[in-house]
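Colleague: Starting off with a structure, shown below.
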Amino acid sequence: MTARSPGPRLRDLLLLLPAQFLVYSNLFLALTIMPLYTAHVGGDAFTAGLHTAIFTGCGVALRFYFGPLADRKGRKLPLLIGSLAFATAPLLFLFTTTPASLALARAYQSLGLAAYLAASTSLVADLAPPQWRGTALTVNRIVITLAFTAAPPLGEAVVRTAGFPPFFYGCAVAGLLGVALVALVREPRPAPAGAGDPGGAAADPGAGTTNPYALLLRDRRVVAALGAAAAAALAEGGATGFLPLYMETTGAGGSGPFFLGLGIGGLLAAGAGVLADRRGPMAVIVPATVLAGLGAGALVMDPRVPVLLGGGLCLGIGYTAGLAAAGALLVDAAPARYRTTALALSETAIDGSITLGSPLLGLLAAWQGYPWAFGALALACWMVAGGLALLARGSRPTEKR
């Protein structure tokens with residue numbers, strides 16, 4: 001890591017946040033627009049799903065390497081590897097002409113998913129003043145939500161009006177700009193053990209433990225954060241993934257009001273970071289999980305504009321605040337030297353909940369209809385919220401060190 005004294009780094013945060021927007025835009029375009037390109041090169045719906053599984057599955061597997069690497073070697077190296085993979089993969093797509101060659105390119109693209117996500121969140125926590133980490137992580141999550149709200153509609157419009165080559169060139173240019181911003185970010189030198197970093201236990205009971213995952217999963221706060229992240233991601237992924245299909249079957253119009261509410265809700269979640277800093281992350285996680293379930297559950301009703309807007313608003317607040325608070329709780333709970341490993345576990349919980357939950361929701365929607373699937377999402381979130389509330393009551397709040 002760069003030899004610099006630890007402390008707030010506003011300049012570097014202001015460089016990292018726009019890089020987050022650009023890199024995450026490429027990620028969300030990979031998840032939403034690439035299935036269209038799979039069909040363009042001759043694939044069917046199953047092939048599109050297989051390519052997405054290759055992308056996310058390889059990312060999850062590689063994350064078990066890149067998470068500990070970021071803790072050992074610093075956040076900058078994985079950030080550069082990940083952002084460069086997201087920037088150059090669209091150029092590879094230009095030379096893919098069959099589903100098989102596209103599958104190889106998607107596997108390469110998964111380097112970005114594995115290396116960048118957890119390391120970037122960890123660097124946001126490293127750069128923020130300890131007393132404002134919850135706020136910084138919430139702002140970071142808002143930037144990510146804005147990327148999710150803006151990039152897919154823009155990408156779809158480019159593809160439909162100009163075709164895939166201009167779309168891929170645009171993704172590459174945006175990605176390379178993100179790489180340049182990441183390269184300019186200066187990583188702080190880690191503080192000596194016990195020198196004022198509130199993350200982890202004061203005496204670091206994991207000293208000498210060779211398996212960081214075993215150490216982390218023994219902490220109930222880590223388990224709570226993983227559960228909250230998985231629930232928020234399942235609600236958001238399930239609602240946004242199945243709503244367009246539901247709207248198409250009902251003929252009730254587009255799902256634009258829902259995504260508008262989702263973006264507005266993400267912006268309104270900014271206050272959750274201040275609450276997490278003052279009252280602790282658990283004060284945010286439980287109500288955020290309830291709100292995420294309420295947003296998904298609203299889709300059980302007749303999908304008119306007020307319902308879509310209100311549901312998106314609730315889901316946007318719950319999803320953004322829930323993931324930000326879960327990240328803050330992991331930063332508080334994990335020893336500083338395992339911070340990226342802990343956040344990598346959170347990303348794995350997010351990807352795993354969507355990977356496992358989406359097929360089950362699809363089966364339920366095909367069997368009983370989409371409202372049943374949205375109701376199941378709400379029920380799952382509320383059950384997790386109940387478990388988190390019981391855990392919060394049984395746990396003594398940690399002191400701010």
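Chain labels A, B, ... are given in the sequence in which chains occur in the structure tokens; within each chain residues are numbered consecutively from 1, and ligands are likewise numbered from 1 in the order shown.
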Report as a ChimeraX atom specification all protein, DNA and RNA residues lying within 12 Å of A:Leu391, evaluated on only C-alpha atoms, omitting residues in the same chain fewer than 4 positions from it.

Modeller: /A:219-225,227-228,282-283,285-286,384-387,395-397

Colleague: Could the residues in this selection be written to a file with C-alpha atoms, as an mmCIF file, in the first residue's frame?

Modeller:
```cif
data_model
loop_
_atom_site.group_PDB
_atom_site.id
_atom_site.type_symbol
_atom_site.label_atom_id
_atom_site.label_comp_id
_atom_site.auth_asym_id
_atom_site.auth_seq_id
_atom_site.Cartn_x
_atom_site.Cartn_y
_atom_site.Cartn_z
ATOM 1 C CA ASP A 219 -19.437 -13.465 14.937
ATOM 2 C CA ARG A 220 -23.226 -13.082 15.081
ATOM 3 C CA ARG A 221 -22.953 -9.527 13.771
ATOM 4 C CA VAL A 222 -21.355 -10.861 10.591
ATOM 5 C CA VAL A 223 -24.118 -13.442 10.200
ATOM 6 C CA ALA A 224 -26.739 -10.728 10.743
ATOM 7 C CA ALA A 225 -25.146 -8.487 8.122
ATOM 8 C CA GLY A 227 -28.656 -12.180 6.205
ATOM 9 C CA ALA A 228 -29.712 -8.554 5.753
ATOM 10 C CA MET A 282 -28.615 -2.611 13.559
ATOM 11 C CA ALA A 283 -30.949 0.357 14.122
ATOM 12 C CA ILE A 285 -30.974 -2.938 9.171
ATOM 13 C CA VAL A 286 -34.263 -4.158 10.656
ATOM 14 C CA VAL A 384 -35.408 -12.208 8.033
ATOM 15 C CA ALA A 385 -36.327 -8.880 9.679
ATOM 16 C CA GLY A 386 -37.930 -10.762 12.560
ATOM 17 C CA GLY A 387 -34.812 -12.856 13.050
ATOM 18 C CA SER A 395 -26.918 -8.629 21.539
ATOM 19 C CA ARG A 396 -25.405 -5.861 23.614
ATOM 20 C CA PRO A 397 -24.494 -2.811 21.546
#
```

Colleague: From the set A:Pro371, A:Gly263, A:Gly57, A:Gly318, which residue has the shortest atom-to-atom contact distance to A:Ala107, counting only C-alpha atoms?

Modeller: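 Of all the options, A:Gly57 lies closest to A:Ala107.
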
Colleague: Between A:Ala344, A:Ile350, A:Ala326, A:Leu184, which has the minimum distance to A:Tyr65 (counting only C-alpha atoms)?

Modeller: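 Of A:Ala344, A:Ile350, A:Ala326, A:Leu184, the one nearest A:Tyr65 is A:Ala344, counting only C-alpha atoms.
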
Colleague: A:Leu313, A:Leu50, A:Val290, A:Ala321: which is nearest A:Met383, counting only C-alpha atoms?

Modeller: A:Val290

Colleague: What is the distance between atom CA of A:Val307 and atom CA of A:Gly295, in Å to one decimal?

Modeller: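 About the pair atom CA of A:Val307 and atom CA of A:Gly295: they are 9.3 Å apart.
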
Colleague: Give me, please, the distance in Å between atom CA of A:Asn26 and atom CA of A:Leu94, quoted to one decimal.

Modeller: 15.3 Å

Colleague: Show which residues sit within 6 Å of stretch 115-125 of chain A, as a list of chain:residue names. Count only C-alpha atoms, and ignore same-chain residues fewer than 3 positions away.

Modeller: A:Phe66, A:Arg75, A:Pro78, A:Leu79, A:Gly82, A:Leu111, A:Gly112, A:Ala128, A:Arg133, A:Thr340, A:Leu343, A:Ala344

Colleague: So that I can see what lies close to A:Leu299, please list as a PyMOL selection string the residues with an atom at most 9 Å from it, counting only C-alpha atoms and leaving out residues fewer than 6 positions away in the same chain.

Modeller: chain A and resi 239+243+307-308+311+370-371+374-375

Colleague: Restricting it to N, CA and C atoms, dump the selection as a PDB file, in the first residue's frame.

Modeller:
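part.pdb, freshly written:
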```
ATOM      1  N   ALA A 239     -37.814  -8.477  -7.627  1.00  0.00           N
ATOM      2  CA  ALA A 239     -38.811  -7.511  -8.086  1.00  0.00           C
ATOM      3  C   ALA A 239     -38.441  -6.926  -9.447  1.00  0.00           C
ATOM      4  N   LEU A 243     -40.712  -8.066 -12.658  1.00  0.00           N
ATOM      5  CA  LEU A 243     -41.740  -7.061 -12.921  1.00  0.00           C
ATOM      6  C   LEU A 243     -41.946  -6.782 -14.413  1.00  0.00           C
ATOM      7  N   VAL A 307     -49.145   2.445  -7.288  1.00  0.00           N
ATOM      8  CA  VAL A 307     -48.614   1.239  -6.644  1.00  0.00           C
ATOM      9  C   VAL A 307     -47.164   1.020  -7.050  1.00  0.00           C
ATOM     10  N   LEU A 308     -46.886   1.154  -8.345  1.00  0.00           N
ATOM     11  CA  LEU A 308     -45.526   0.956  -8.835  1.00  0.00           C
ATOM     12  C   LEU A 308     -44.573   1.985  -8.238  1.00  0.00           C
ATOM     13  N   GLY A 311     -44.232   1.274  -4.441  1.00  0.00           N
ATOM     14  CA  GLY A 311     -43.442   0.067  -4.211  1.00  0.00           C
ATOM     15  C   GLY A 311     -41.971   0.288  -4.511  1.00  0.00           C
ATOM     16  N   TYR A 370     -47.409 -14.326 -10.949  1.00  0.00           N
ATOM     17  CA  TYR A 370     -46.392 -13.401 -10.436  1.00  0.00           C
ATOM     18  C   TYR A 370     -46.745 -12.792  -9.085  1.00  0.00           C
ATOM     19  N   PRO A 371     -48.002 -12.435  -8.791  1.00  0.00           N
ATOM     20  CA  PRO A 371     -48.281 -11.879  -7.459  1.00  0.00           C
ATOM     21  C   PRO A 371     -47.860 -12.796  -6.324  1.00  0.00           C
ATOM     22  N   PHE A 374     -44.142 -12.259  -5.819  1.00  0.00           N
ATOM     23  CA  PHE A 374     -43.858 -11.011  -5.110  1.00  0.00           C
ATOM     24  C   PHE A 374     -44.243 -11.120  -3.634  1.00  0.00           C
ATOM     25  N   GLY A 375     -45.336 -11.817  -3.350  1.00  0.00           N
ATOM     26  CA  GLY A 375     -45.721 -12.038  -1.956  1.00  0.00           C
ATOM     27  C   GLY A 375     -44.699 -12.877  -1.219  1.00  0.00           C
TER      28      GLY A 375
END
```

Colleague: Of the residues A:Ala328, A:Cys381, A:Leu102, A:Ala334, which is the one nearest to A:Glu236, using only C-alpha atoms?

Modeller: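 Of all the options, A:Cys381 lies closest to A:Glu236.
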